[in-house]
Structure formats: structure tokens, C-alpha cells
>>> print(open('input.pdb').read())   # PDB, C-alpha atoms, pLDDT in the B column
ATOM      1  CA  MET A   1      28.236  15.990  91.849  1.00 74.00           C
ATOM      2  CA  ASP A   2      31.183  16.755  89.560  1.00 78.00           C
ATOM      3  CA  ARG A   3      31.850  16.190  85.871  1.00 81.00           C
ATOM      4  CA  THR A   4      33.383  12.716  86.326  1.00 85.00           C
ATOM      5  CA  GLU A   5      30.417  11.476  88.327  1.00 87.00           C
ATOM      6  CA  LEU A   6      27.984  12.856  85.769  1.00 86.00           C
ATOM      7  CA  LEU A   7      29.854  11.285  82.838  1.00 87.00           C
ATOM      8  CA  LYS A   8      29.966   7.916  84.625  1.00 88.00           C
ATOM      9  CA  LYS A   9      26.241   8.158  85.301  1.00 89.00           C
ATOM     10  CA  ILE A  10      25.613   8.936  81.617  1.00 88.00           C
ATOM     11  CA  GLN A  11      27.860   6.043  80.464  1.00 87.00           C
ATOM     12  CA  ARG A  12      25.875   3.623  82.602  1.00 89.00           C
ATOM     13  CA  HIS A  13      22.596   5.065  81.355  1.00 90.00           C
ATOM     14  CA  PRO A  14      20.929   3.028  78.580  1.00 91.00           C
ATOM     15  CA  ARG A  15      19.667   6.044  76.641  1.00 92.00           C
ATOM     16  CA  PRO A  16      21.127   9.353  75.366  1.00 93.00           C
ATOM     17  CA  VAL A  17      20.695  12.208  77.813  1.00 94.00           C
ATOM     18  CA  ILE A  18      19.958  15.904  77.451  1.00 94.00           C
ATOM     19  CA  VAL A  19      21.378  17.789  80.437  1.00 94.00           C
ATOM     20  CA  GLU A  20      19.796  21.162  81.054  1.00 95.00           C
ATOM     21  CA  PHE A  21      21.266  23.827  83.314  1.00 94.00           C
ATOM     22  CA  TRP A  22      18.649  26.243  84.540  1.00 94.00           C
ATOM     23  CA  ALA A  23      18.024  28.606  87.461  1.00 93.00           C
ATOM     24  CA  PRO A  24      14.849  29.755  89.220  1.00 93.00           C
ATOM     25  CA  TRP A  25      15.676  33.417  88.468  1.00 93.00           C
ATOM     26  CA  CYS A  26      16.375  32.800  84.765  1.00 91.00           C
ATOM     27  CA  THR A  27      13.539  34.170  82.611  1.00 89.00           C
ATOM     28  CA  PRO A  28      14.556  32.428  79.328  1.00 88.00           C
ATOM     29  CA  CYS A  29      14.583  29.127  81.303  1.00 91.00           C
ATOM     30  CA  LYS A  30      10.994  29.761  82.402  1.00 92.00           C
ATOM     31  CA  VAL A  31       9.983  30.663  78.843  1.00 89.00           C
ATOM     32  CA  MET A  32      11.540  27.477  77.460  1.00 90.00           C
ATOM     33  CA  GLU A  33      10.311  25.150  80.234  1.00 92.00           C
ATOM     34  CA  PRO A  34       6.842  24.197  78.852  1.00 92.00           C
ATOM     35  CA  ALA A  35       8.265  23.417  75.394  1.00 91.00           C
ATOM     36  CA  LEU A  36      11.154  21.488  76.936  1.00 93.00           C
ATOM     37  CA  LYS A  37       8.802  19.350  79.017  1.00 94.00           C
ATOM     38  CA  GLN A  38       6.595  18.738  75.974  1.00 93.00           C
ATOM     39  CA  VAL A  39       9.533  17.586  73.834  1.00 93.00           C
ATOM     40  CA  ALA A  40      10.920  15.465  76.700  1.00 94.00           C
ATOM     41  CA  LYS A  41       7.524  13.754  76.834  1.00 94.00           C
ATOM     42  CA  GLU A  42       7.570  13.187  73.063  1.00 93.00           C
ATOM     43  CA  PHE A  43      10.995  11.508  73.348  1.00 93.00           C
ATOM     44  CA  GLN A  44      10.117   9.519  76.474  1.00 93.00           C
ATOM     45  CA  GLY A  45      11.899   6.160  76.437  1.00 92.00           C
ATOM     46  CA  LYS A  46      14.315   7.344  73.706  1.00 93.00           C
ATOM     47  CA  VAL A  47      16.121  10.358  75.179  1.00 93.00           C
ATOM     48  CA  ASP A  48      16.077  11.378  78.842  1.00 94.00           C
ATOM     49  CA  LEU A  49      16.124  14.910  80.195  1.00 94.00           C
ATOM     50  CA  TRP A  50      18.155  15.623  83.330  1.00 94.00           C
ATOM     51  CA  ARG A  51      17.637  19.076  84.744  1.00 95.00           C
ATOM     52  CA  TYR A  52      20.211  20.684  87.049  1.00 94.00           C
ATOM     53  CA  ASN A  53      19.726  23.887  88.976  1.00 94.00           C
ATOM     54  CA  ALA A  54      22.929  25.823  88.212  1.00 92.00           C
ATOM     55  CA  ASP A  55      22.813  27.518  91.631  1.00 92.00           C
ATOM     56  CA  GLU A  56      22.829  24.146  93.408  1.00 92.00           C
ATOM     57  CA  HIS A  57      25.557  22.592  91.214  1.00 90.00           C
ATOM     58  CA  PRO A  58      28.247  25.270  90.813  1.00 90.00           C
ATOM     59  CA  GLU A  59      31.047  22.679  90.551  1.00 90.00           C
ATOM     60  CA  LEU A  60      29.270  20.939  87.677  1.00 89.00           C
ATOM     61  CA  VAL A  61      28.711  24.287  85.936  1.00 90.00           C
ATOM     62  CA  ARG A  62      32.413  25.101  86.348  1.00 90.00           C
ATOM     63  CA  ASP A  63      33.686  21.663  85.293  1.00 88.00           C
ATOM     64  CA  LEU A  64      31.486  21.506  82.206  1.00 88.00           C
ATOM     65  CA  ARG A  65      32.358  25.143  81.359  1.00 88.00           C
ATOM     66  CA  VAL A  66      28.747  26.196  81.118  1.00 89.00           C
ATOM     67  CA  MET A  67      28.979  29.859  80.086  1.00 85.00           C
ATOM     68  CA  GLY A  68      25.314  30.816  80.360  1.00 87.00           C
ATOM     69  CA  ILE A  69      21.878  29.506  81.177  1.00 88.00           C
ATOM     70  CA  PRO A  70      19.799  27.891  79.956  1.00 91.00           C
ATOM     71  CA  THR A  71      22.342  25.522  78.442  1.00 92.00           C
ATOM     72  CA  LEU A  72      21.439  22.175  76.921  1.00 93.00           C
ATOM     73  CA  LEU A  73      24.127  19.524  76.597  1.00 93.00           C
ATOM     74  CA  GLY A  74      23.522  16.410  74.558  1.00 93.00           C
ATOM     75  CA  PHE A  75      25.298  13.260  75.733  1.00 91.00           C
ATOM     76  CA  ASN A  76      25.432   9.633  74.765  1.00 87.00           C
ATOM     77  CA  ALA A  77      27.637   6.824  76.098  1.00 82.00           C
ATOM     78  CA  GLN A  78      30.567   8.144  74.015  1.00 83.00           C
ATOM     79  CA  GLY A  79      30.417  11.598  75.607  1.00 86.00           C
ATOM     80  CA  GLU A  80      29.237  15.107  74.805  1.00 89.00           C
ATOM     81  CA  ILE A  81      27.653  15.482  71.378  1.00 89.00           C
ATOM     82  CA  PHE A  82      26.640  19.142  71.394  1.00 88.00           C
ATOM     83  CA  ARG A  83      25.727  22.078  73.553  1.00 89.00           C
ATOM     84  CA  ARG A  84      23.327  24.959  73.027  1.00 88.00           C
ATOM     85  CA  THR A  85      23.207  28.073  75.208  1.00 86.00           C
ATOM     86  CA  GLY A  86      20.092  30.249  75.244  1.00 85.00           C
ATOM     87  CA  ALA A  87      16.384  29.517  75.052  1.00 85.00           C
ATOM     88  CA  LEU A  88      15.403  27.355  72.096  1.00 84.00           C
ATOM     89  CA  PRO A  89      12.015  27.302  70.371  1.00 81.00           C
ATOM     90  CA  LEU A  90       9.978  24.089  70.145  1.00 83.00           C
ATOM     91  CA  ALA A  91      11.487  23.168  66.756  1.00 78.00           C
ATOM     92  CA  GLY A  92      15.004  23.780  68.063  1.00 83.00           C
ATOM     93  CA  LEU A  93      14.361  21.566  71.078  1.00 89.00           C
ATOM     94  CA  ARG A  94      13.034  18.777  68.855  1.00 88.00           C
ATOM     95  CA  GLU A  95      16.177  19.071  66.734  1.00 86.00           C
ATOM     96  CA  ALA A  96      18.354  18.892  69.853  1.00 90.00           C
ATOM     97  CA  PHE A  97      16.602  15.745  71.111  1.00 92.00           C
ATOM     98  CA  THR A  98      16.752  14.154  67.657  1.00 89.00           C
ATOM     99  CA  ALA A  99      20.458  14.986  67.454  1.00 89.00           C
ATOM    100  CA  ALA A 100      21.081  13.341  70.841  1.00 90.00           C
ATOM    101  CA  LEU A 101      19.159  10.273  69.677  1.00 90.00           C
ATOM    102  CA  GLU A 102      21.128  10.053  66.423  1.00 87.00           C
ATOM    103  CA  GLY A 103      24.444  10.997  68.051  1.00 84.00           C
ATOM    104  CA  LYS A 104      25.151  13.985  65.830  1.00 79.00           C
ATOM    105  CA  LYS A 105      25.199  17.773  66.183  1.00 75.00           C
ATOM    106  CA  PRO A 106      21.920  19.592  65.499  1.00 72.00           C
ATOM    107  CA  GLU A 107      21.925  21.922  62.539  1.00 68.00           C
ATOM    108  CA  LYS A 108      22.294  25.618  63.295  1.00 68.00           C
ATOM    109  CA  HIS A 109      19.758  28.011  61.864  1.00 70.00           C
ATOM    110  CA  LEU A 110      20.090  31.715  61.319  1.00 76.00           C
ATOM    111  CA  SER A 111      18.317  33.876  63.880  1.00 78.00           C
ATOM    112  CA  ALA A 112      15.721  36.436  62.756  1.00 80.00           C
ATOM    113  CA  LEU A 113      18.199  39.253  63.475  1.00 84.00           C
ATOM    114  CA  GLU A 114      20.910  37.581  61.413  1.00 84.00           C
ATOM    115  CA  ARG A 115      18.559  36.993  58.510  1.00 88.00           C
ATOM    116  CA  ALA A 116      17.269  40.592  58.615  1.00 90.00           C
ATOM    117  CA  LEU A 117      20.793  42.034  58.861  1.00 90.00           C
ATOM    118  CA  ARG A 118      22.074  40.023  55.912  1.00 91.00           C
ATOM    119  CA  ALA A 119      19.000  40.681  53.788  1.00 93.00           C
ATOM    120  CA  GLY A 120      19.029  44.405  54.628  1.00 92.00           C
ATOM    121  CA  ALA A 121      22.747  44.765  53.932  1.00 91.00           C
ATOM    122  CA  GLY A 122      22.466  42.828  50.669  1.00 92.00           C
ATOM    123  CA  ILE A 123      19.525  44.872  49.406  1.00 93.00           C
ATOM    124  CA  ALA A 124      21.243  48.131  50.432  1.00 90.00           C
ATOM    125  CA  LEU A 125      24.375  47.157  48.508  1.00 89.00           C
ATOM    126  CA  ILE A 126      22.376  46.223  45.405  1.00 91.00           C
ATOM    127  CA  ILE A 127      20.426  49.491  45.518  1.00 90.00           C
ATOM    128  CA  ALA A 128      23.684  51.425  45.992  1.00 86.00           C
ATOM    129  CA  GLY A 129      25.219  49.502  43.093  1.00 86.00           C
ATOM    130  CA  ILE A 130      22.306  50.348  40.789  1.00 89.00           C
ATOM    131  CA  SER A 131      22.197  54.004  41.869  1.00 84.00           C
ATOM    132  CA  LEU A 132      25.934  54.566  41.476  1.00 79.00           C
ATOM    133  CA  GLN A 133      26.277  54.265  37.694  1.00 78.00           C
ATOM    134  CA  THR A 134      25.490  50.511  37.755  1.00 76.00           C
ATOM    135  CA  ASN A 135      28.434  49.517  39.941  1.00 82.00           C
ATOM    136  CA  TRP A 136      28.772  45.740  39.354  1.00 88.00           C
ATOM    137  CA  ILE A 137      31.129  45.182  42.295  1.00 86.00           C
ATOM    138  CA  LEU A 138      28.605  46.583  44.783  1.00 86.00           C
ATOM    139  CA  MET A 139      25.756  44.683  43.124  1.00 90.00           C
ATOM    140  CA  GLY A 140      27.703  41.420  43.138  1.00 91.00           C
ATOM    141  CA  LEU A 141      28.672  41.907  46.762  1.00 89.00           C
ATOM    142  CA  GLY A 142      25.046  42.705  47.584  1.00 91.00           C
ATOM    143  CA  GLY A 143      23.945  39.521  45.817  1.00 93.00           C
ATOM    144  CA  ILE A 144      26.349  37.404  47.864  1.00 92.00           C
ATOM    145  CA  VAL A 145      25.275  39.028  51.156  1.00 91.00           C
ATOM    146  CA  LEU A 146      21.586  38.698  50.217  1.00 92.00           C
ATOM    147  CA  PHE A 147      22.044  35.020  49.344  1.00 91.00           C
ATOM    148  CA  SER A 148      23.757  34.422  52.708  1.00 88.00           C
ATOM    149  CA  ALA A 149      20.444  35.449  54.350  1.00 88.00           C
ATOM    150  CA  VAL A 150      18.557  32.580  52.718  1.00 86.00           C
ATOM    151  CA  TYR A 151      21.263  30.069  51.807  1.00 83.00           C
ATOM    152  CA  ASP A 152      20.009  27.480  54.322  1.00 76.00           C
ATOM    153  CA  ARG A 153      16.618  27.429  52.563  1.00 75.00           C
ATOM    154  CA  CYS A 154      18.066  27.084  49.088  1.00 78.00           C
ATOM    155  CA  PRO A 155      17.189  23.669  47.567  1.00 78.00           C
ATOM    156  CA  ILE A 156      20.479  23.577  45.636  1.00 81.00           C
ATOM    157  CA  VAL A 157      22.506  24.105  48.845  1.00 77.00           C
ATOM    158  CA  GLN A 158      20.410  21.483  50.626  1.00 72.00           C
ATOM    159  CA  ALA A 159      21.072  19.019  47.799  1.00 77.00           C
ATOM    160  CA  ILE A 160      24.817  19.693  47.656  1.00 79.00           C
ATOM    161  CA  LYS A 161      25.457  20.005  51.429  1.00 74.00           C
ATOM    162  CA  PRO A 162      25.401  16.270  52.346  1.00 71.00           C
ATOM    163  CA  ARG A 163      27.775  15.487  49.451  1.00 78.00           C
ATOM    164  CA  LEU A 164      30.163  18.258  50.493  1.00 77.00           C
ATOM    165  CA  GLU A 165      30.064  17.077  54.117  1.00 71.00           C
ATOM    166  CA  ALA A 166      30.811  13.516  52.996  1.00 74.00           C
ATOM    167  CA  LEU A 167      33.656  14.814  50.835  1.00 77.00           C
ATOM    168  CA  PHE A 168      35.220  16.742  53.727  1.00 74.00           C
ATOM    169  CA  LYS A 169      34.801  13.785  56.093  1.00 65.00           C
ATOM    170  CA  LYS A 170      36.718  11.585  53.654  1.00 61.00           C
ATOM    171  CA  GLY A 171      39.419  14.231  53.279  1.00 55.00           C
TER     172      GLY A 171
ATOM    173  CA  MET X   1      22.772  31.782  71.023  1.00 49.00           C
ATOM    174  CA  SER X   2      26.160  30.492  69.935  1.00 57.00           C
ATOM    175  CA  ASN X   3      28.957  30.909  72.474  1.00 63.00           C
ATOM    176  CA  TRP X   4      31.381  32.473  70.016  1.00 77.00           C
ATOM    177  CA  ILE X   5      29.091  35.418  69.172  1.00 83.00           C
ATOM    178  CA  ASN X   6      30.424  38.360  71.167  1.00 87.00           C
ATOM    179  CA  GLU X   7      28.477  41.295  69.690  1.00 89.00           C
ATOM    180  CA  SER X   8      25.081  42.579  70.775  1.00 89.00           C
ATOM    181  CA  GLY X   9      22.276  43.168  68.267  1.00 88.00           C
ATOM    182  CA  LEU X  10      22.797  46.951  68.299  1.00 91.00           C
ATOM    183  CA  ASP X  11      26.550  46.511  67.900  1.00 92.00           C
ATOM    184  CA  ARG X  12      25.970  44.335  64.836  1.00 92.00           C
ATOM    185  CA  VAL X  13      23.473  46.732  63.244  1.00 92.00           C
ATOM    186  CA  ILE X  14      25.888  49.674  63.715  1.00 94.00           C
ATOM    187  CA  ARG X  15      28.780  47.672  62.247  1.00 94.00           C
ATOM    188  CA  VAL X  16      26.755  46.635  59.199  1.00 92.00           C
ATOM    189  CA  ILE X  17      25.630  50.241  58.569  1.00 93.00           C
ATOM    190  CA  VAL X  18      29.199  51.593  58.984  1.00 95.00           C
ATOM    191  CA  GLY X  19      30.535  48.855  56.702  1.00 93.00           C
ATOM    192  CA  LEU X  20      27.907  49.574  54.060  1.00 91.00           C
ATOM    193  CA  VAL X  21      28.595  53.314  54.143  1.00 92.00           C
ATOM    194  CA  LEU X  22      32.364  52.788  53.791  1.00 93.00           C
ATOM    195  CA  LEU X  23      31.953  50.280  50.940  1.00 89.00           C
ATOM    196  CA  VAL X  24      29.484  52.469  49.060  1.00 87.00           C
ATOM    197  CA  LEU X  25      31.755  55.501  49.485  1.00 90.00           C
ATOM    198  CA  GLY X  26      34.799  53.531  48.353  1.00 89.00           C
ATOM    199  CA  TRP X  27      33.490  51.232  45.620  1.00 84.00           C
ATOM    200  CA  GLY X  28      30.890  53.741  44.468  1.00 82.00           C
ATOM    201  CA  GLY X  29      33.599  56.228  43.611  1.00 85.00           C
ATOM    202  CA  ILE X  30      32.176  58.913  45.905  1.00 88.00           C
ATOM    203  CA  VAL X  31      35.462  59.039  47.796  1.00 89.00           C
ATOM    204  CA  THR X  32      38.513  58.609  45.569  1.00 89.00           C
ATOM    205  CA  GLY X  33      42.274  58.497  46.034  1.00 91.00           C
ATOM    206  CA  THR X  34      44.001  56.903  49.015  1.00 93.00           C
ATOM    207  CA  LEU X  35      41.018  57.386  51.310  1.00 93.00           C
ATOM    208  CA  GLY X  36      38.759  55.736  48.739  1.00 91.00           C
ATOM    209  CA  THR X  37      41.089  52.707  48.568  1.00 92.00           C
ATOM    210  CA  VAL X  38      41.158  52.535  52.368  1.00 94.00           C
ATOM    211  CA  PHE X  39      37.334  52.623  52.456  1.00 93.00           C
ATOM    212  CA  LYS X  40      37.168  49.879  49.787  1.00 89.00           C
ATOM    213  CA  ILE X  41      39.167  47.515  51.994  1.00 92.00           C
ATOM    214  CA  LEU X  42      38.278  48.722  55.484  1.00 93.00           C
ATOM    215  CA  GLY X  43      34.534  48.599  54.779  1.00 92.00           C
ATOM    216  CA  PHE X  44      34.619  44.803  54.683  1.00 92.00           C
ATOM    217  CA  VAL X  45      35.813  44.594  58.312  1.00 94.00           C
ATOM    218  CA  PRO X  46      32.751  46.055  60.084  1.00 94.00           C
ATOM    219  CA  LEU X  47      30.407  44.529  57.486  1.00 92.00           C
ATOM    220  CA  LEU X  48      31.717  40.996  57.955  1.00 91.00           C
ATOM    221  CA  THR X  49      32.146  41.195  61.743  1.00 93.00           C
ATOM    222  CA  GLY X  50      28.633  42.646  61.977  1.00 92.00           C
ATOM    223  CA  LEU X  51      27.086  39.956  59.784  1.00 89.00           C
ATOM    224  CA  ILE X  52      28.889  37.129  61.558  1.00 87.00           C
ATOM    225  CA  GLY X  53      28.504  38.562  65.075  1.00 87.00           C
ATOM    226  CA  PHE X  54      32.066  37.805  66.078  1.00 89.00           C
ATOM    227  CA  CYS X  55      34.747  40.444  66.593  1.00 92.00           C
ATOM    228  CA  PRO X  56      38.303  39.030  66.863  1.00 91.00           C
ATOM    229  CA  ALA X  57      39.490  42.200  68.639  1.00 92.00           C
ATOM    230  CA  TYR X  58      36.828  41.722  71.336  1.00 91.00           C
ATOM    231  CA  ALA X  59      37.888  38.083  71.711  1.00 89.00           C
ATOM    232  CA  LEU X  60      41.535  39.142  72.043  1.00 90.00           C
ATOM    233  CA  PHE X  61      40.728  41.478  74.927  1.00 89.00           C
ATOM    234  CA  LYS X  62      38.104  39.109  76.383  1.00 86.00           C
ATOM    235  CA  PHE X  63      35.416  41.735  75.896  1.00 88.00           C
ATOM    236  CA  ARG X  64      31.868  41.289  74.674  1.00 88.00           C
ATOM    237  CA  THR X  65      28.869  43.544  74.127  1.00 89.00           C
ATOM    238  CA  ASN X  66      26.286  40.777  74.404  1.00 83.00           C
ATOM    239  CA  LYS X  67      25.375  38.625  77.392  1.00 74.00           C
ATOM    240  CA  ALA X  68      27.471  35.465  77.747  1.00 62.00           C
TER     241      ALA X  68
END
>>> encode(input="input.pdb", output="C-alpha cells")
Amino acid sequence: MDRTELLKKIQRHPRPVIVEFWAPWCTPCKVMEPALKQVAKEFQGKVDLWRYNADEHPELVRDLRVMGIPTLLGFNAQGEIFRRTGALPLAGLREAFTAALEGKKPEKHLSALERALRAGAGIALIIAGISLQTNWILMGLGGIVLFSAVYDRCPIVQAIKPRLEALFKKG
Amino acid sequence: MSNWINESGLDRVIRVIVGLVLLVLGWGGIVTGTLGTVFKILGFVPLLTGLIGFCPAYALFKFRTNKA
């Protein structure tokens, strides 16, 4: 099967489709598999899951430019909606299926490493700013970096975000 | 993992630490003069690339320290 055949198959399909590329030797795929099957069951009749062994479909992997496995691609009749490479937790999988159902990209969340790095760097800058004769530039910079670690959980950002998105869409 | 991230976890931690040290040395007034000014500006590069996880220089040379 190649990309054209797959896209035709998806266009004819009555429901949105999540295409997963996996491999028997891929450990993250095995880790994600139970959660993926659970979420696929939850969305039964709304979103379908099509699983392709990357080793058996190299032409499809090449045509769709799949750069790593596991990769999830969300499709509806209009085409590709999103793609996610790497194992996703249960919540991330639910978001991906919901996004396919609604025809929009799932929201990206900061990873634990990203959050820790930003928080650590922000706190370090603030401490350095306080220690070095109350350096306001370092403290301000630290505040910005620290906020970037939690911005997605900030109620003000959450309230403003849809309005900003709507504004940019209009523009 | 997003496709555009081309730095490993260790790479990012090292960049953030280097960036912090340079910024503190520069903006904190520990290093002054031309070198201090260089640190003030240059410190942002490793800090930002480390926090974001994307290095434009790596992308230019099609190099990455994380797994694709």
C-alpha cells in the first residue's frame, strides 16, 4: 500500500482515522499499546484505529515521511490533521482521538523535563538576581523563564488563549 | 516528542546551565568590559536553545543529539 491508496481508503471511510506506525521491536510501542487499545475501545464507532507495522510497510513510512515510531497520524476525509511521534500517555491518546473526532490539532503540553528545566532556570536566575545586589534584570528574566514553566496552567492564559487564536485566525 | 526538537535531555540541561552561568556573569557584573557585554548577549543563545530544545545550527548541518 502507498500513500495515495491509504488516503483514498480514508476518504471513503465514514469516520476519522488514527493511523499508528509501530514495530514489534519498538519498546515505546509496546508500552503504549494497552493504553492505545483502551482509548480505541472508548472511541469505538467514532474514531477508528488502523495499525501498520512499519517493517511491513516501508513505502508507506517513506511516503508519509514518518520519522520515528511510534507515530500517530490523525486523518479525516479532508486529509491529515496532526501527527505525534513518540509514546503518548493515556491522556495524550485521548486528546489525539478527540482531536481527530473534532478535526483539529491536539494541544501540546510541556514534558516533565521541559517543565523542570524552565522552572530550575527561572529559580536560578531569580536567586542570582537577589544575591547579586538585587539585580532586577536577572530577576525579571528569571520570572519570565519561571512563568514559561507553568504558563499552560495559568487561568489567565487559558482565558485569553481562545480569543487570541480567534484574533490571529481573522488576521 | 515533537519532530523539530533536535537536542537530547543532557544536551538541553548543559545548555541551560552554560546559559545561566554566562548571563549571571554578564548581567550580575561579575565579568565587566567587552567580555561582560559578550556574556550578556551570548548567554541567551544556549539558554533559549536549551529551553526550547531546538538548535538552528544542528538543523543546518542535519545533526541531532536526540533520537529521531
>>> closest_residue(input="input.pdb", among="A:Ala40, A:Cys26, A:Val61, A:Leu125", to="Met139 of chain A", atoms="only C-alpha atoms")
A:Leu125
>>> closest_residue(input="input.pdb", among="X:Leu10, X:Leu25, X:Val16, X:Leu60", to="Leu48 of chain X", atoms="only C-alpha atoms")
X:Val16
>>> resolve_selection(input="input.pdb", expression="the PyMOL selection byres ((chain X) within 9 of (chain A))", output="PyMOL selection string")
chain X and resi 1-3+9+12-13+16-17+20+23-24+27-30+47+50-53+67-68
>>> write_last_selection(input="input.pdb", atoms="C-alpha atoms", output="PDB file, in the coordinates of the input")
ATOM      1  CA  MET X   1      22.772  31.782  71.023  1.00 49.00           C
ATOM      2  CA  SER X   2      26.160  30.492  69.935  1.00 57.00           C
ATOM      3  CA  ASN X   3      28.957  30.909  72.474  1.00 63.00           C
ATOM      4  CA  GLY X   9      22.276  43.168  68.267  1.00 88.00           C
ATOM      5  CA  ARG X  12      25.970  44.335  64.836  1.00 92.00           C
ATOM      6  CA  VAL X  13      23.473  46.732  63.244  1.00 92.00           C
ATOM      7  CA  VAL X  16      26.755  46.635  59.199  1.00 92.00           C
ATOM      8  CA  ILE X  17      25.630  50.241  58.569  1.00 93.00           C
ATOM      9  CA  LEU X  20      27.907  49.574  54.060  1.00 91.00           C
ATOM     10  CA  LEU X  23      31.953  50.280  50.940  1.00 89.00           C
ATOM     11  CA  VAL X  24      29.484  52.469  49.060  1.00 87.00           C
ATOM     12  CA  TRP X  27      33.490  51.232  45.620  1.00 84.00           C
ATOM     13  CA  GLY X  28      30.890  53.741  44.468  1.00 82.00           C
ATOM     14  CA  GLY X  29      33.599  56.228  43.611  1.00 85.00           C
ATOM     15  CA  ILE X  30      32.176  58.913  45.905  1.00 88.00           C
ATOM     16  CA  LEU X  47      30.407  44.529  57.486  1.00 92.00           C
ATOM     17  CA  GLY X  50      28.633  42.646  61.977  1.00 92.00           C
ATOM     18  CA  LEU X  51      27.086  39.956  59.784  1.00 89.00           C
ATOM     19  CA  ILE X  52      28.889  37.129  61.558  1.00 87.00           C
ATOM     20  CA  GLY X  53      28.504  38.562  65.075  1.00 87.00           C
ATOM     21  CA  LYS X  67      25.375  38.625  77.392  1.00 74.00           C
ATOM     22  CA  ALA X  68      27.471  35.465  77.747  1.00 62.00           C
TER      23      ALA X  68
END
>>> residues_around(input="input.pdb", residues="Val47 of chain A", least_positions_apart="3", cutoff="12 Å", atoms="all atoms listed in the file", output="count of residues only")
27
>>> atom_distance(input="input.pdb", atom1="atom CA of Ser8 of chain X", atom2="atom CA of Phe63 of chain X")
11.6 Å
>>> resolve_selection(input="input.pdb", expression="the PyMOL selection byres ((chain X and resi 58) around 12)", output="compact mmCIF listing (two decimals) with C-alpha atoms, in the frame of the given file")
# COMPACT_ATOMS: atom_id res chain seq x y z
CA TRP X 4 31.38 32.47 70.02
CA ILE X 5 29.09 35.42 69.17
CA ASN X 6 30.42 38.36 71.17
CA GLU X 7 28.48 41.30 69.69
CA SER X 8 25.08 42.58 70.78
CA ASP X 11 26.55 46.51 67.90
CA THR X 49 32.15 41.20 61.74
CA GLY X 53 28.50 38.56 65.08
CA PHE X 54 32.07 37.80 66.08
CA CYS X 55 34.75 40.44 66.59
CA PRO X 56 38.30 39.03 66.86
CA ALA X 57 39.49 42.20 68.64
CA ALA X 59 37.89 38.08 71.71
CA LEU X 60 41.54 39.14 72.04
CA PHE X 61 40.73 41.48 74.93
CA LYS X 62 38.10 39.11 76.38
CA PHE X 63 35.42 41.74 75.90
CA ARG X 64 31.87 41.29 74.67
CA THR X 65 28.87 43.54 74.13
CA ASN X 66 26.29 40.78 74.40
>>> resolve_selection(input="input.pdb", expression="the PyMOL selection byres ((chain X and resi 36-42) around 8)", output="count of residues only")
17
>>> axis_aligned_box(input="input.pdb", around="segment 58-61 of chain X", padding_each_side="4 Å", output="AutoDock Vina command-line options")
--center_x 39.2 --center_y 39.9 --center_z 73.1 --size_x 12.7 --size_y 11.6 --size_z 11.6
>>> atom_distance(input="input.pdb", atom1="atom CA of Met1 of chain A", atom2="atom CA of Phe82 of chain A")
20.8 Å
>>> closest_residue(input="input.pdb", among="A:Asp63, A:Asp48, A:Glu80, A:Asp152", to="Thr4 of chain A", atoms="all atoms listed in the file")
A:Asp63
>>> atom_distance(input="input.pdb", atom1="atom CA of Leu49 of chain A", atom2="atom CA of Lys37 of chain A")
8.6 Å
>>> residues_around(input="input.pdb", residues="Phe147 of chain A", least_positions_apart="4", cutoff="8 Å", atoms="all atoms listed in the file", output="number ranges by chain")
A: 119, 122, 143, 151
>>> residues_around(input="input.pdb", residues="Trp25 of chain A", least_positions_apart="5", cutoff="12 Å", atoms="all atoms listed in the file", output="JSON, numbers by chain")
{"A": [30, 31, 53, 54, 55, 69, 70]}
>>> closest_residue(input="input.pdb", among="A:Pro106, A:Gly140, A:Gln11, A:Gly79", to="Ala91 of chain A", atoms="all atoms listed in the file")
A:Pro106
